[in-house]
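The structure appears below as structure tokens.
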Amino acid sequence: MSGYDRVVQPAAGDEALENHLGGDEAKNYRQYEFDMVAPHVGRSLLEIGSGLGHFAEQFRPRLDRLVVSDFDPYCVEQLNKRFAGHDDVDVLQFGLPTEIPIGEKVDTVVMMNVLEHIEEDVEALRSLAAVTLPGGRIVIWVPGYMQLYGDFDRKVGHVTRYTPATLRNTVSKAGLDIEVLKPINFLGGIAWWAAVRRGGVGYPDPRLVKIYDRTVVPATRFIERFIRPPFGQTVFCVARVPQR
């Protein structure tokens, strides 16, 4: 059984803990995610762990085809409602690793805060590579560094937090090539360490999230335009399926 199968709370349901990090309380952070991911997205996209569909919907105007997915039945229900009547959007339900029930392959897979839930992470990436066109990309966004692992991670079912080295190992074992691999959100990592590891916060307080979103996120984006951070709250990776 994978960590993705035994998540204590759904990864992105209405009341889920992780939802506050990309929900209405954190619009700047959600834009930060989009701006990091968008340059690597092609014309057909499969998102893993789509939750309520907020993130995927931002890409729809620029896509020929969108496939959203989630493991949680509540999220799948909400996705079906959100994208009802859109012939260019498919909704799937599955948990990784598995044979993904998709028709045509896509040129891009995006997984935001999903891989850390899965014990069999190498097999999960192989499942995704099987439905990605040769030369296509798998974009991976995961929480970084076990020094930041705390009660929040346990509550939402995180098996691990990655470093660039451990994520490189996982991606390489899955037979994928690495195009981008780096820690990001340096200031967020410090804030997370202070709040969760030192301060004992068990979940993101929406009030603190708003403050973080208005202050830390803009500062982080400015700094990271000029400096590649040595550490961060997140590890960001763009992997390519080899041309064979």
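Ordered as shown in the structure tokens, chains take letters A, B, and onward, while each chain numbers its residues from 1 and ligands are numbered from 1 in the order shown.
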Open item on the list: I need the residues in region 79-172 of chain A that are alpha helix (DSSP H) according to DSSP; give them as a ChimeraX atom specification.
Closed with: /A:79-82,121-129,151-155,164-172
Task: Residues within 8 Å of Gln233 (chain A), only C-alpha atoms, excluding chain neighbours under 4 positions, as an MDAnalysis selection string - done: chainID A and resid 143:145 148 183:190 192
Write out the residues from the selection above, keeping C-alpha atoms, as a tab-separated table (two decimals), in the first residue's frame.
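Output file selection.tsv is given in full below:
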```
chain	number	residue	atom	x	y	z
A	143	PRO	CA	8.05	19.42	-0.30
A	144	GLY	CA	11.73	19.71	0.44
A	145	TYR	CA	14.10	18.54	3.17
A	148	LEU	CA	11.20	20.48	7.80
A	183	PRO	CA	15.24	23.81	-4.49
A	184	ILE	CA	12.91	26.81	-4.52
A	185	ASN	CA	11.08	29.02	-2.02
A	186	PHE	CA	14.07	29.64	0.25
A	187	LEU	CA	12.31	32.15	2.51
A	188	GLY	CA	9.28	29.86	2.69
A	189	GLY	CA	11.54	27.08	3.94
A	190	ILE	CA	12.82	29.28	6.75
A	192	TRP	CA	8.08	26.76	7.56
```
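For the pair CA of Arg244 (chain A) and CA of Val139 (chain A), the interatomic distance is 19.8 Å.
The environment of His40 (chain A) within 9 Å, counting only C-alpha atoms and disregarding residues fewer than 3 places along the same chain, consists of Met36, Val37, Thr108, Arg137, Ile138, Val139 and Val238 of chain A.
Distance annotation: of A:Arg214, A:Lys105, A:Arg65, A:Arg240, the residue with the minimal separation from Ser172 (chain A) is A:Arg240; atom set is only C-alpha atoms.
Excluding Val142 (chain A) itself and same-chain residues fewer than 3 positions from it, the residues having an atom within 7 Å of it are Met112, Asn113, Leu115, Glu116, Tyr162, Thr234, Val235 and Phe236 of chain A, counting only C-alpha atoms.
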Open item on the list: Which residues are near Val67 (chain A)? Cut-off 8 Å, only C-alpha atoms, ignore same chain within fewer than 2 positions. Put them as a list in words.
Closed with: Leu45, Leu46, Glu47, Arg65, Ser69, Val89, Asp90, Val91 and Leu92 of chain A
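Minimum distance to Gln93 (chain A) across A:Cys75, A:Cys237, A:Leu167, A:Val159 (counting only C-alpha atoms) occurs at A:Cys75.
Here CA of Ile178 (chain A) is placed at a distance of 26.7 Å from CA of Phe71 (chain A).
Atom to atom, CA of Glu99 (chain A) and CA of Pro242 (chain A) stand 19.3 Å apart.
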Open item on the list: From a backbone DSSP assignment, name each residue in region 84-209 of chain A labelled strand (DSSP E), as a ChimeraX atom specification.
Closed with: /A:89-93,106-112,132-143,177-184
Generate the output file for the selected residues, N, CA and C atoms, as a tab-separated table (two decimals), in the first residue's frame.
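result_23.tsv written:
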```tsv
chain	number	residue	atom	x	y	z
A	89	VAL	N	-11.97	18.19	-21.78
A	89	VAL	CA	-11.49	17.81	-20.45
A	89	VAL	C	-12.01	16.42	-20.07
A	90	ASP	N	-11.10	15.54	-19.66
A	90	ASP	CA	-11.45	14.22	-19.14
A	90	ASP	C	-11.14	14.18	-17.65
A	91	VAL	N	-11.96	13.46	-16.88
A	91	VAL	CA	-11.76	13.30	-15.44
A	91	VAL	C	-11.54	11.82	-15.14
A	92	LEU	N	-10.43	11.52	-14.46
A	92	LEU	CA	-10.09	10.14	-14.13
A	92	LEU	C	-9.92	9.98	-12.63
A	93	GLN	N	-10.16	8.75	-12.14
A	93	GLN	CA	-9.91	8.43	-10.74
A	93	GLN	C	-8.97	7.23	-10.67
A	106	VAL	N	-0.21	11.95	-23.46
A	106	VAL	CA	-0.10	13.40	-23.37
A	106	VAL	C	1.36	13.81	-23.50
A	107	ASP	N	1.59	15.10	-23.78
A	107	ASP	CA	2.98	15.56	-23.86
A	107	ASP	C	3.49	16.11	-22.53
A	108	THR	N	2.57	16.32	-21.55
A	108	THR	CA	2.98	16.85	-20.25
A	108	THR	C	2.17	16.22	-19.14
A	109	VAL	N	2.86	15.86	-18.07
A	109	VAL	CA	2.22	15.45	-16.82
A	109	VAL	C	2.67	16.42	-15.73
A	110	VAL	N	1.74	16.87	-14.92
A	110	VAL	CA	2.06	17.75	-13.79
A	110	VAL	C	1.57	17.10	-12.51
A	111	MET	N	2.44	17.03	-11.52
A	111	MET	CA	2.04	16.53	-10.21
A	111	MET	C	2.55	17.48	-9.13
A	112	MET	N	1.60	18.16	-8.51
A	112	MET	CA	1.91	19.16	-7.50
A	112	MET	C	1.62	18.57	-6.12
A	132	THR	N	3.06	9.19	-21.26
A	132	THR	CA	3.64	10.44	-21.74
A	132	THR	C	4.37	10.18	-23.05
A	133	LEU	N	4.18	11.04	-24.02
A	133	LEU	CA	4.83	10.89	-25.31
A	133	LEU	C	6.35	10.94	-25.18
A	134	PRO	N	7.09	10.21	-26.00
A	134	PRO	CA	8.55	10.32	-25.99
A	134	PRO	C	8.98	11.77	-26.18
A	135	GLY	N	9.89	12.22	-25.33
A	135	GLY	CA	10.30	13.61	-25.33
A	135	GLY	C	9.42	14.52	-24.51
A	136	GLY	N	8.30	13.97	-23.99
A	136	GLY	CA	7.39	14.75	-23.16
A	136	GLY	C	7.95	14.96	-21.76
A	137	ARG	N	7.29	15.84	-21.02
A	137	ARG	CA	7.79	16.23	-19.71
A	137	ARG	C	6.88	15.76	-18.58
A	138	ILE	N	7.50	15.45	-17.46
A	138	ILE	CA	6.80	15.20	-16.20
A	138	ILE	C	7.29	16.24	-15.20
A	139	VAL	N	6.40	17.15	-14.80
A	139	VAL	CA	6.75	18.25	-13.91
A	139	VAL	C	6.39	17.84	-12.48
A	140	ILE	N	7.38	17.90	-11.59
A	140	ILE	CA	7.23	17.40	-10.22
A	140	ILE	C	7.49	18.52	-9.24
A	141	TRP	N	6.54	18.72	-8.32
A	141	TRP	CA	6.65	19.75	-7.28
A	141	TRP	C	6.44	19.02	-5.95
A	142	VAL	N	7.47	18.97	-5.11
A	142	VAL	CA	7.38	18.21	-3.86
A	142	VAL	C	7.93	19.03	-2.69
A	143	PRO	N	7.46	18.75	-1.47
A	143	PRO	CA	8.05	19.42	-0.30
A	143	PRO	C	9.50	19.00	-0.11
A	177	ASP	N	15.01	11.36	-17.89
A	177	ASP	CA	16.09	12.33	-17.96
A	177	ASP	C	15.69	13.58	-17.19
A	178	ILE	N	16.66	14.27	-16.63
A	178	ILE	CA	16.38	15.47	-15.83
A	178	ILE	C	16.74	16.72	-16.61
A	179	GLU	N	15.76	17.59	-16.74
A	179	GLU	CA	15.94	18.86	-17.45
A	179	GLU	C	16.14	20.02	-16.46
A	180	VAL	N	15.35	20.02	-15.38
A	180	VAL	CA	15.45	21.03	-14.33
A	180	VAL	C	15.34	20.32	-12.99
A	181	LEU	N	16.18	20.69	-12.05
A	181	LEU	CA	16.09	20.13	-10.70
A	181	LEU	C	16.72	21.13	-9.73
A	182	LYS	N	15.89	21.70	-8.84
A	182	LYS	CA	16.43	22.72	-7.94
A	182	LYS	C	15.50	22.94	-6.74
A	183	PRO	N	16.09	23.36	-5.61
A	183	PRO	CA	15.24	23.81	-4.49
A	183	PRO	C	14.72	25.20	-4.79
A	184	ILE	N	13.50	25.48	-4.36
A	184	ILE	CA	12.91	26.81	-4.52
A	184	ILE	C	12.19	27.20	-3.24
```
Task: Residue among A:Asp88, A:Asp121, A:Asp213, A:Asp72 lying closest to Glu57 (chain A), counting only C-alpha atoms - done: A:Asp88
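Minimum atom-to-atom distances from A:Ala174, A:Met146, A:Val156, A:Ala38 to Val241 (chain A) were compared using only C-alpha atoms, and the lowest value belongs to A:Ala174.
Candidate residues A:Ala191, A:Ala239, A:Leu79, A:Ile48 were compared for distance to Thr220 (chain A), and the nearest is A:Ala191, using only C-alpha atoms.
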